[in-house]
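Participant: Pasting target-v8.cif below, which is mmCIF, N, CA and C atoms.
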```cif
data_my_file
#
loop_
_atom_site.group_PDB
_atom_site.id
_atom_site.type_symbol
_atom_site.label_atom_id
_atom_site.label_comp_id
_atom_site.auth_asym_id
_atom_site.auth_seq_id
_atom_site.Cartn_x
_atom_site.Cartn_y
_atom_site.Cartn_z
ATOM 1 N N MET A 27 -89.029 -57.872 0.058
ATOM 2 C CA MET A 27 -88.961 -58.676 1.260
ATOM 3 C C MET A 27 -88.591 -57.760 2.434
ATOM 4 N N THR A 28 -89.240 -57.993 3.551
ATOM 5 C CA THR A 28 -88.966 -57.243 4.764
ATOM 6 C C THR A 28 -88.164 -58.117 5.723
ATOM 7 N N VAL A 29 -87.102 -57.555 6.265
ATOM 8 C CA VAL A 29 -86.242 -58.273 7.199
ATOM 9 C C VAL A 29 -86.233 -57.520 8.526
ATOM 10 N N VAL A 30 -86.443 -58.253 9.604
ATOM 11 C CA VAL A 30 -86.416 -57.676 10.948
ATOM 12 C C VAL A 30 -85.326 -58.380 11.747
ATOM 13 N N THR A 31 -84.416 -57.610 12.299
ATOM 14 C CA THR A 31 -83.409 -58.163 13.195
ATOM 15 C C THR A 31 -83.748 -57.708 14.605
ATOM 16 N N VAL A 32 -83.912 -58.682 15.485
ATOM 17 C CA VAL A 32 -84.242 -58.398 16.880
ATOM 18 C C VAL A 32 -83.013 -58.702 17.725
ATOM 19 N N LEU A 33 -82.579 -57.707 18.458
ATOM 20 C CA LEU A 33 -81.414 -57.813 19.334
ATOM 21 C C LEU A 33 -81.901 -57.722 20.775
ATOM 22 N N THR A 34 -81.546 -58.696 21.578
ATOM 23 C CA THR A 34 -81.871 -58.669 23.002
ATOM 24 C C THR A 34 -80.566 -58.590 23.775
ATOM 25 N N VAL A 35 -80.493 -57.609 24.683
ATOM 26 C CA VAL A 35 -79.257 -57.337 25.420
ATOM 27 C C VAL A 35 -79.554 -57.267 26.911
ATOM 28 N N GLU A 36 -78.728 -57.950 27.687
ATOM 29 C CA GLU A 36 -78.796 -57.828 29.135
ATOM 30 C C GLU A 36 -77.726 -56.814 29.553
ATOM 31 N N LEU A 37 -78.159 -55.778 30.271
ATOM 32 C CA LEU A 37 -77.223 -54.790 30.795
ATOM 33 C C LEU A 37 -77.068 -55.002 32.288
ATOM 34 N N LEU A 38 -75.833 -54.942 32.744
ATOM 35 C CA LEU A 38 -75.534 -55.050 34.171
ATOM 36 C C LEU A 38 -75.190 -53.656 34.675
ATOM 37 N N LEU A 39 -75.923 -53.198 35.674
ATOM 38 C CA LEU A 39 -75.789 -51.844 36.199
ATOM 39 C C LEU A 39 -75.220 -51.916 37.609
ATOM 40 N N PHE A 40 -73.925 -51.764 37.739
ATOM 41 C CA PHE A 40 -73.278 -51.933 39.032
ATOM 42 C C PHE A 40 -73.425 -50.713 39.935
ATOM 43 N N ASP A 41 -73.552 -49.530 39.379
ATOM 44 C CA ASP A 41 -73.603 -48.302 40.168
ATOM 45 C C ASP A 41 -75.021 -47.863 40.503
ATOM 46 N N SER A 42 -75.998 -48.656 40.165
ATOM 47 C CA SER A 42 -77.390 -48.287 40.393
ATOM 48 C C SER A 42 -77.780 -48.578 41.845
ATOM 49 N N ALA A 43 -78.101 -47.518 42.578
ATOM 50 C CA ALA A 43 -78.468 -47.669 43.985
ATOM 51 C C ALA A 43 -79.972 -47.834 44.174
ATOM 52 N N SER A 44 -80.742 -47.529 43.136
ATOM 53 C CA SER A 44 -82.204 -47.616 43.245
ATOM 54 C C SER A 44 -82.807 -47.859 41.868
ATOM 55 N N LEU A 45 -84.088 -48.183 41.849
ATOM 56 C CA LEU A 45 -84.782 -48.345 40.572
ATOM 57 C C LEU A 45 -84.835 -47.028 39.809
ATOM 58 N N LYS A 46 -84.869 -45.926 40.539
ATOM 59 C CA LYS A 46 -84.866 -44.607 39.897
ATOM 60 C C LYS A 46 -83.551 -44.398 39.133
ATOM 61 N N ASP A 47 -82.425 -44.762 39.733
ATOM 62 C CA ASP A 47 -81.130 -44.674 39.048
ATOM 63 C C ASP A 47 -81.114 -45.550 37.804
ATOM 64 N N LYS A 48 -81.608 -46.773 37.963
ATOM 65 C CA LYS A 48 -81.636 -47.718 36.846
ATOM 66 C C LYS A 48 -82.483 -47.171 35.698
ATOM 67 N N ARG A 49 -83.662 -46.681 36.019
ATOM 68 C CA ARG A 49 -84.564 -46.194 34.970
ATOM 69 C C ARG A 49 -83.983 -44.995 34.230
ATOM 70 N N SER A 50 -83.208 -44.197 34.924
ATOM 71 C CA SER A 50 -82.545 -43.071 34.275
ATOM 72 C C SER A 50 -81.559 -43.561 33.217
ATOM 73 N N VAL A 51 -80.768 -44.563 33.561
ATOM 74 C CA VAL A 51 -79.805 -45.138 32.618
ATOM 75 C C VAL A 51 -80.537 -45.810 31.455
ATOM 76 N N VAL A 52 -81.544 -46.621 31.771
ATOM 77 C CA VAL A 52 -82.284 -47.355 30.736
ATOM 78 C C VAL A 52 -82.962 -46.382 29.779
ATOM 79 N N ARG A 53 -83.605 -45.358 30.311
ATOM 80 C CA ARG A 53 -84.286 -44.371 29.469
ATOM 81 C C ARG A 53 -83.293 -43.708 28.516
ATOM 82 N N SER A 54 -82.115 -43.355 29.030
ATOM 83 C CA SER A 54 -81.092 -42.722 28.204
ATOM 84 C C SER A 54 -80.598 -43.663 27.105
ATOM 85 N N VAL A 55 -80.324 -44.911 27.467
ATOM 86 C CA VAL A 55 -79.851 -45.893 26.484
ATOM 87 C C VAL A 55 -80.881 -46.085 25.374
ATOM 88 N N LEU A 56 -82.130 -46.283 25.755
ATOM 89 C CA LEU A 56 -83.172 -46.527 24.765
ATOM 90 C C LEU A 56 -83.350 -45.332 23.831
ATOM 91 N N GLN A 57 -83.398 -44.127 24.394
ATOM 92 C CA GLN A 57 -83.611 -42.935 23.567
ATOM 93 C C GLN A 57 -82.437 -42.673 22.633
ATOM 94 N N ARG A 58 -81.224 -42.823 23.137
ATOM 95 C CA ARG A 58 -80.053 -42.595 22.284
ATOM 96 C C ARG A 58 -79.971 -43.621 21.169
ATOM 97 N N ALA A 59 -80.311 -44.881 21.447
ATOM 98 C CA ALA A 59 -80.301 -45.908 20.396
ATOM 99 C C ALA A 59 -81.350 -45.602 19.331
ATOM 100 N N ARG A 60 -82.533 -45.186 19.773
ATOM 101 C CA ARG A 60 -83.584 -44.827 18.812
ATOM 102 C C ARG A 60 -83.124 -43.689 17.909
ATOM 103 N N ASN A 61 -82.588 -42.643 18.519
ATOM 104 C CA ASN A 61 -82.187 -41.460 17.759
ATOM 105 C C ASN A 61 -80.984 -41.718 16.860
ATOM 106 N N LYS A 62 -80.009 -42.443 17.366
ATOM 107 C CA LYS A 62 -78.747 -42.626 16.645
ATOM 108 C C LYS A 62 -78.825 -43.687 15.549
ATOM 109 N N PHE A 63 -79.605 -44.762 15.788
ATOM 110 C CA PHE A 63 -79.588 -45.890 14.857
ATOM 111 C C PHE A 63 -80.932 -46.176 14.189
ATOM 112 N N GLY A 64 -81.971 -45.448 14.548
ATOM 113 C CA GLY A 64 -83.277 -45.636 13.921
ATOM 114 C C GLY A 64 -83.905 -46.984 14.216
ATOM 115 N N VAL A 65 -83.670 -47.495 15.408
ATOM 116 C CA VAL A 65 -84.230 -48.790 15.800
ATOM 117 C C VAL A 65 -85.387 -48.569 16.767
ATOM 118 N N ALA A 66 -86.263 -49.549 16.858
ATOM 119 C CA ALA A 66 -87.269 -49.560 17.911
ATOM 120 C C ALA A 66 -86.590 -50.140 19.142
ATOM 121 N N ALA A 67 -86.928 -49.627 20.324
ATOM 122 C CA ALA A 67 -86.236 -50.070 21.532
ATOM 123 C C ALA A 67 -87.178 -50.056 22.721
ATOM 124 N N ALA A 68 -87.033 -51.067 23.596
ATOM 125 C CA ALA A 68 -87.870 -51.156 24.794
ATOM 126 C C ALA A 68 -87.178 -51.999 25.847
ATOM 127 N N GLU A 69 -87.533 -51.736 27.118
ATOM 128 C CA GLU A 69 -87.107 -52.610 28.209
ATOM 129 C C GLU A 69 -88.102 -53.758 28.257
ATOM 130 N N VAL A 70 -87.604 -54.982 28.180
ATOM 131 C CA VAL A 70 -88.498 -56.147 28.070
ATOM 132 C C VAL A 70 -88.380 -57.129 29.229
ATOM 133 N N GLY A 71 -87.512 -56.841 30.185
ATOM 134 C CA GLY A 71 -87.375 -57.756 31.313
ATOM 135 C C GLY A 71 -86.581 -57.141 32.445
ATOM 136 N N ASP A 72 -86.671 -57.777 33.599
ATOM 137 C CA ASP A 72 -85.934 -57.354 34.791
ATOM 138 C C ASP A 72 -86.304 -55.943 35.244
ATOM 139 N N GLN A 73 -87.565 -55.536 35.063
ATOM 140 C CA GLN A 73 -87.965 -54.184 35.419
ATOM 141 C C GLN A 73 -87.818 -53.878 36.908
ATOM 142 N N ASP A 74 -87.933 -54.872 37.763
ATOM 143 C CA ASP A 74 -87.869 -54.640 39.203
ATOM 144 C C ASP A 74 -86.508 -54.961 39.814
ATOM 145 N N ASP A 75 -85.521 -55.243 38.990
ATOM 146 C CA ASP A 75 -84.161 -55.533 39.469
ATOM 147 C C ASP A 75 -83.301 -54.304 39.197
ATOM 148 N N ARG A 76 -82.777 -53.683 40.249
ATOM 149 C CA ARG A 76 -82.026 -52.436 40.072
ATOM 150 C C ARG A 76 -80.638 -52.637 39.476
ATOM 151 N N THR A 77 -80.154 -53.870 39.406
ATOM 152 C CA THR A 77 -78.793 -54.117 38.921
ATOM 153 C C THR A 77 -78.723 -54.698 37.512
ATOM 154 N N ARG A 78 -79.868 -54.984 36.915
ATOM 155 C CA ARG A 78 -79.840 -55.511 35.547
ATOM 156 C C ARG A 78 -81.087 -55.066 34.794
ATOM 157 N N ALA A 79 -80.918 -54.975 33.477
ATOM 158 C CA ALA A 79 -82.022 -54.611 32.593
ATOM 159 C C ALA A 79 -81.921 -55.460 31.336
ATOM 160 N N THR A 80 -83.041 -55.934 30.861
ATOM 161 C CA THR A 80 -83.075 -56.647 29.592
ATOM 162 C C THR A 80 -83.764 -55.742 28.580
ATOM 163 N N LEU A 81 -83.034 -55.403 27.527
ATOM 164 C CA LEU A 81 -83.514 -54.479 26.506
ATOM 165 C C LEU A 81 -83.623 -55.199 25.171
ATOM 166 N N ALA A 82 -84.585 -54.769 24.366
ATOM 167 C CA ALA A 82 -84.735 -55.321 23.021
ATOM 168 C C ALA A 82 -84.712 -54.175 22.017
ATOM 169 N N PHE A 83 -84.052 -54.424 20.902
ATOM 170 C CA PHE A 83 -83.948 -53.459 19.818
ATOM 171 C C PHE A 83 -84.363 -54.167 18.530
ATOM 172 N N ALA A 84 -85.104 -53.484 17.685
ATOM 173 C CA ALA A 84 -85.531 -54.083 16.419
ATOM 174 C C ALA A 84 -85.162 -53.146 15.271
ATOM 175 N N ALA A 85 -84.510 -53.710 14.268
ATOM 176 C CA ALA A 85 -84.134 -52.973 13.069
ATOM 177 C C ALA A 85 -84.858 -53.605 11.886
ATOM 178 N N VAL A 86 -85.509 -52.772 11.082
ATOM 179 C CA VAL A 86 -86.282 -53.248 9.933
ATOM 180 C C VAL A 86 -85.663 -52.697 8.661
ATOM 181 N N SER A 87 -85.546 -53.566 7.663
ATOM 182 C CA SER A 87 -84.964 -53.164 6.390
ATOM 183 C C SER A 87 -85.440 -54.121 5.305
ATOM 184 N N SER A 88 -85.126 -53.782 4.072
ATOM 185 C CA SER A 88 -85.402 -54.699 2.973
ATOM 186 C C SER A 88 -84.194 -55.595 2.711
ATOM 187 N N ASP A 89 -83.111 -55.352 3.435
ATOM 188 C CA ASP A 89 -81.865 -56.090 3.255
ATOM 189 C C ASP A 89 -81.400 -56.632 4.608
ATOM 190 N N ALA A 90 -81.153 -57.931 4.692
ATOM 191 C CA ALA A 90 -80.740 -58.562 5.949
ATOM 192 C C ALA A 90 -79.423 -57.990 6.463
ATOM 193 N N GLN A 91 -78.500 -57.684 5.569
ATOM 194 C CA GLN A 91 -77.208 -57.146 5.994
ATOM 195 C C GLN A 91 -77.363 -55.781 6.650
ATOM 196 N N VAL A 92 -78.270 -54.981 6.147
ATOM 197 C CA VAL A 92 -78.485 -53.637 6.706
ATOM 198 C C VAL A 92 -79.095 -53.736 8.102
ATOM 199 N N SER A 93 -80.115 -54.581 8.266
ATOM 200 C CA SER A 93 -80.741 -54.690 9.585
ATOM 201 C C SER A 93 -79.784 -55.310 10.599
ATOM 202 N N HIS A 94 -78.981 -56.283 10.173
ATOM 203 C CA HIS A 94 -78.000 -56.892 11.076
ATOM 204 C C HIS A 94 -76.909 -55.880 11.454
ATOM 205 N N ALA A 95 -76.493 -55.059 10.504
ATOM 206 C CA ALA A 95 -75.478 -54.034 10.781
ATOM 207 C C ALA A 95 -75.999 -53.019 11.799
ATOM 208 N N SER A 96 -77.267 -52.671 11.713
ATOM 209 C CA SER A 96 -77.855 -51.751 12.694
ATOM 210 C C SER A 96 -77.799 -52.347 14.093
ATOM 211 N N ALA A 97 -78.113 -53.627 14.208
ATOM 212 C CA ALA A 97 -78.055 -54.298 15.509
ATOM 213 C C ALA A 97 -76.628 -54.317 16.038
ATOM 214 N N GLN A 98 -75.657 -54.573 15.181
ATOM 215 C CA GLN A 98 -74.255 -54.585 15.594
ATOM 216 C C GLN A 98 -73.814 -53.214 16.084
ATOM 217 N N LYS A 99 -74.285 -52.165 15.428
ATOM 218 C CA LYS A 99 -73.927 -50.808 15.847
ATOM 219 C C LYS A 99 -74.474 -50.495 17.233
ATOM 220 N N VAL A 100 -75.646 -51.016 17.546
ATOM 221 C CA VAL A 100 -76.210 -50.815 18.884
ATOM 222 C C VAL A 100 -75.320 -51.486 19.929
ATOM 223 N N ILE A 101 -74.901 -52.715 19.666
ATOM 224 C CA ILE A 101 -74.015 -53.420 20.599
ATOM 225 C C ILE A 101 -72.716 -52.643 20.788
ATOM 226 N N GLU A 102 -72.115 -52.196 19.701
ATOM 227 C CA GLU A 102 -70.863 -51.440 19.781
ATOM 228 C C GLU A 102 -71.056 -50.154 20.580
ATOM 229 N N PHE A 103 -72.176 -49.472 20.364
ATOM 230 C CA PHE A 103 -72.494 -48.262 21.113
ATOM 231 C C PHE A 103 -72.559 -48.555 22.612
ATOM 232 N N LEU A 104 -73.248 -49.621 22.988
ATOM 233 C CA LEU A 104 -73.382 -49.968 24.404
ATOM 234 C C LEU A 104 -72.032 -50.304 25.028
ATOM 235 N N GLU A 105 -71.205 -51.030 24.305
ATOM 236 C CA GLU A 105 -69.909 -51.444 24.841
ATOM 237 C C GLU A 105 -68.906 -50.289 24.896
ATOM 238 N N ARG A 106 -68.996 -49.381 23.941
ATOM 239 C CA ARG A 106 -68.009 -48.315 23.825
ATOM 240 C C ARG A 106 -68.385 -47.065 24.628
ATOM 241 N N GLU A 107 -69.631 -46.654 24.570
ATOM 242 C CA GLU A 107 -70.004 -45.359 25.112
ATOM 243 C C GLU A 107 -70.703 -45.400 26.463
ATOM 244 N N ARG A 108 -71.229 -46.523 26.856
ATOM 245 C CA ARG A 108 -71.955 -46.595 28.123
ATOM 246 C C ARG A 108 -71.045 -47.165 29.198
ATOM 247 N N LEU A 109 -70.338 -46.295 29.880
ATOM 248 C CA LEU A 109 -69.408 -46.721 30.912
ATOM 249 C C LEU A 109 -70.115 -47.012 32.229
ATOM 250 N N ASP A 110 -71.397 -46.635 32.325
ATOM 251 C CA ASP A 110 -72.160 -46.850 33.552
ATOM 252 C C ASP A 110 -72.846 -48.221 33.583
ATOM 253 N N CYS A 111 -72.620 -49.032 32.554
ATOM 254 C CA CYS A 111 -73.206 -50.374 32.528
ATOM 255 C C CYS A 111 -72.310 -51.304 31.710
ATOM 256 N N GLN A 112 -72.524 -52.588 31.907
ATOM 257 C CA GLN A 112 -71.742 -53.600 31.190
ATOM 258 C C GLN A 112 -72.703 -54.492 30.425
ATOM 259 N N VAL A 113 -72.331 -54.852 29.206
ATOM 260 C CA VAL A 113 -73.158 -55.730 28.387
ATOM 261 C C VAL A 113 -72.975 -57.165 28.866
ATOM 262 N N GLY A 114 -74.084 -57.842 29.144
ATOM 263 C CA GLY A 114 -74.066 -59.246 29.537
ATOM 264 C C GLY A 114 -74.433 -60.109 28.348
ATOM 265 N N ASP A 115 -75.455 -60.922 28.511
ATOM 266 C CA ASP A 115 -75.905 -61.816 27.429
ATOM 267 C C ASP A 115 -76.485 -61.025 26.274
ATOM 268 N N VAL A 116 -76.169 -61.466 25.068
ATOM 269 C CA VAL A 116 -76.664 -60.831 23.839
ATOM 270 C C VAL A 116 -77.207 -61.928 22.936
ATOM 271 N N SER A 117 -78.376 -61.701 22.368
ATOM 272 C CA SER A 117 -78.887 -62.630 21.359
ATOM 273 C C SER A 117 -79.453 -61.837 20.196
ATOM 274 N N THR A 118 -79.292 -62.389 19.011
ATOM 275 C CA THR A 118 -79.779 -61.738 17.788
ATOM 276 C C THR A 118 -80.569 -62.757 16.984
ATOM 277 N N GLU A 119 -81.706 -62.320 16.476
ATOM 278 C CA GLU A 119 -82.530 -63.167 15.623
ATOM 279 C C GLU A 119 -82.984 -62.355 14.432
ATOM 280 N N THR A 120 -82.850 -62.908 13.247
ATOM 281 C CA THR A 120 -83.274 -62.242 12.032
ATOM 282 C C THR A 120 -84.442 -62.980 11.435
ATOM 283 N N LEU A 121 -85.504 -62.233 11.136
ATOM 284 C CA LEU A 121 -86.725 -62.798 10.577
ATOM 285 C C LEU A 121 -87.001 -62.209 9.208
ATOM 286 N N SER A 122 -87.367 -63.027 8.252
ATOM 287 C CA SER A 122 -87.772 -62.557 6.933
ATOM 288 C C SER A 122 -89.291 -62.638 6.867
ATOM 289 N N LEU A 123 -89.907 -61.531 6.506
ATOM 290 C CA LEU A 123 -91.373 -61.477 6.442
ATOM 291 C C LEU A 123 -91.858 -61.320 5.017
#
```
Could you render the structure as structure tokens?

Facilitator:
Amino acid sequence: MTVVTVLTVELLLFDSASLKDKRSVVRSVLQRARNKFGVAAAEVGDQDDRTRATLAFAAVSSDAQVSHASAQKVIEFLERERLDCQVGDVSTETLSL
């Protein structure tokens, strides 16, 4: 059985003065999450708003607990290590395929 956990996170970027600043932060967050946790990651909303970004992360596993744990680690990473942004709304959905 294949299990996919999809995590959607709203990031609030208070120090972003331009879309260029925002994209720099978003690019860094997405790449570090991919490298550190082995998740797929993309910006999925608010592309033209310099103060917020909606990001999605997907973790795939044969075990629901493993994919959910990967999503939790991404949230913890964002809250602990990214001082240039604040985590807003978070939603998680787990799908069995």

Participant: Name every residue that the PyMOL selection byres ((chain A and resi 95-110) around 8) selects in this structure, writing the answer as a list in words with chains first and numbers rising.

Facilitator: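 Expected selection for the PyMOL selection byres ((chain A and resi 95-110) around 8) here is Thr31, Val32, Leu33, Leu38, Leu39, Phe40, Asp41, Ser42, Val51, Val55, Ala59, Phe63, Gly64, Val65, Phe83, Ala84, Ala85, Val86, Asp89, Ala90, Gln91, Val92, Ser93, His94, Cys111, Gln112, Val113 and Thr118 of chain A.
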
Participant: Of the residues A:Leu37, A:Thr28, A:Ser117, A:Ser122, which is the one nearest to A:Gln73, using only C-alpha atoms?

Facilitator: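 Looking only at the distances to A:Gln73, the closest residue turns out to be A:Leu37.
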
Participant: Please measure the separation of atom N of A:Arg53 and atom N of A:Val29, giving the value in Å to one decimal.

Facilitator: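 Separation between atom N of A:Arg53 and atom N of A:Val29: 27.2 Å.
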
Participant: Would you please give, as a ChimeraX atom specification, all residues of chain A that DSSP assigns to helix (DSSP H, G or I) based on the backbone?

Facilitator: /A:45-63,90-107

Participant: So that I can see what lies close to A:Gly71, please list as a PyMOL selection string the residues with an atom at most 6 Å from it, counting all atoms listed in the file and leaving out residues fewer than 2 positions away in the same chain.

Facilitator: chain A and resi 69+73-74+79-81

Participant: Grab the atom N of A:Glu36 to atom CA of A:Ser88 distance for me, in Å with one decimal place.

Facilitator: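 Taking atom N of A:Glu36 as the start and atom CA of A:Ser88 as the end point, the length is 25.8 Å.
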
Participant: Could you state which residues are captured by the PyMOL selection byres ((chain A and resi 45) around 8) in this file, as a list in words?

Facilitator: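 Checked against the file, the PyMOL selection byres ((chain A and resi 45) around 8) matches Ser42, Ala43, Ser44, Lys46, Asp47, Lys48, Arg49, Ser50, Val51, Gln73, Asp74, Asp75, Arg76 and Thr77 of chain A.
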
Participant: Atoms to include: N, CA and C atoms. Write the selected residues as a CSV table (one decimal), in the coordinates of the input.

Facilitator:
```
chain,number,residue,atom,x,y,z
A,42,SER,N,-76.0,-48.7,40.2
A,42,SER,CA,-77.4,-48.3,40.4
A,42,SER,C,-77.8,-48.6,41.8
A,43,ALA,N,-78.1,-47.5,42.6
A,43,ALA,CA,-78.5,-47.7,44.0
A,43,ALA,C,-80.0,-47.8,44.2
A,44,SER,N,-80.7,-47.5,43.1
A,44,SER,CA,-82.2,-47.6,43.2
A,44,SER,C,-82.8,-47.9,41.9
A,46,LYS,N,-84.9,-45.9,40.5
A,46,LYS,CA,-84.9,-44.6,39.9
A,46,LYS,C,-83.6,-44.4,39.1
A,47,ASP,N,-82.4,-44.8,39.7
A,47,ASP,CA,-81.1,-44.7,39.0
A,47,ASP,C,-81.1,-45.6,37.8
A,48,LYS,N,-81.6,-46.8,38.0
A,48,LYS,CA,-81.6,-47.7,36.8
A,48,LYS,C,-82.5,-47.2,35.7
A,49,ARG,N,-83.7,-46.7,36.0
A,49,ARG,CA,-84.6,-46.2,35.0
A,49,ARG,C,-84.0,-45.0,34.2
A,50,SER,N,-83.2,-44.2,34.9
A,50,SER,CA,-82.5,-43.1,34.3
A,50,SER,C,-81.6,-43.6,33.2
A,51,VAL,N,-80.8,-44.6,33.6
A,51,VAL,CA,-79.8,-45.1,32.6
A,51,VAL,C,-80.5,-45.8,31.5
A,73,GLN,N,-87.6,-55.5,35.1
A,73,GLN,CA,-88.0,-54.2,35.4
A,73,GLN,C,-87.8,-53.9,36.9
A,74,ASP,N,-87.9,-54.9,37.8
A,74,ASP,CA,-87.9,-54.6,39.2
A,74,ASP,C,-86.5,-55.0,39.8
A,75,ASP,N,-85.5,-55.2,39.0
A,75,ASP,CA,-84.2,-55.5,39.5
A,75,ASP,C,-83.3,-54.3,39.2
A,76,ARG,N,-82.8,-53.7,40.2
A,76,ARG,CA,-82.0,-52.4,40.1
A,76,ARG,C,-80.6,-52.6,39.5
A,77,THR,N,-80.2,-53.9,39.4
A,77,THR,CA,-78.8,-54.1,38.9
A,77,THR,C,-78.7,-54.7,37.5
```

Participant: Atom C of A:Leu121 and atom C of A:Ser54, how far apart in Å?

Facilitator: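 So the two atoms, atom C of A:Ser54 and atom C of A:Leu121, lie 26.6 Å apart.
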
Participant: Please return, as a PyMOL selection string, all residues of chain A that DSSP assigns to strand (DSSP E or B) on the basis of the backbone.

Facilitator: chain A and resi 29-38+66-71+78-87+112-122
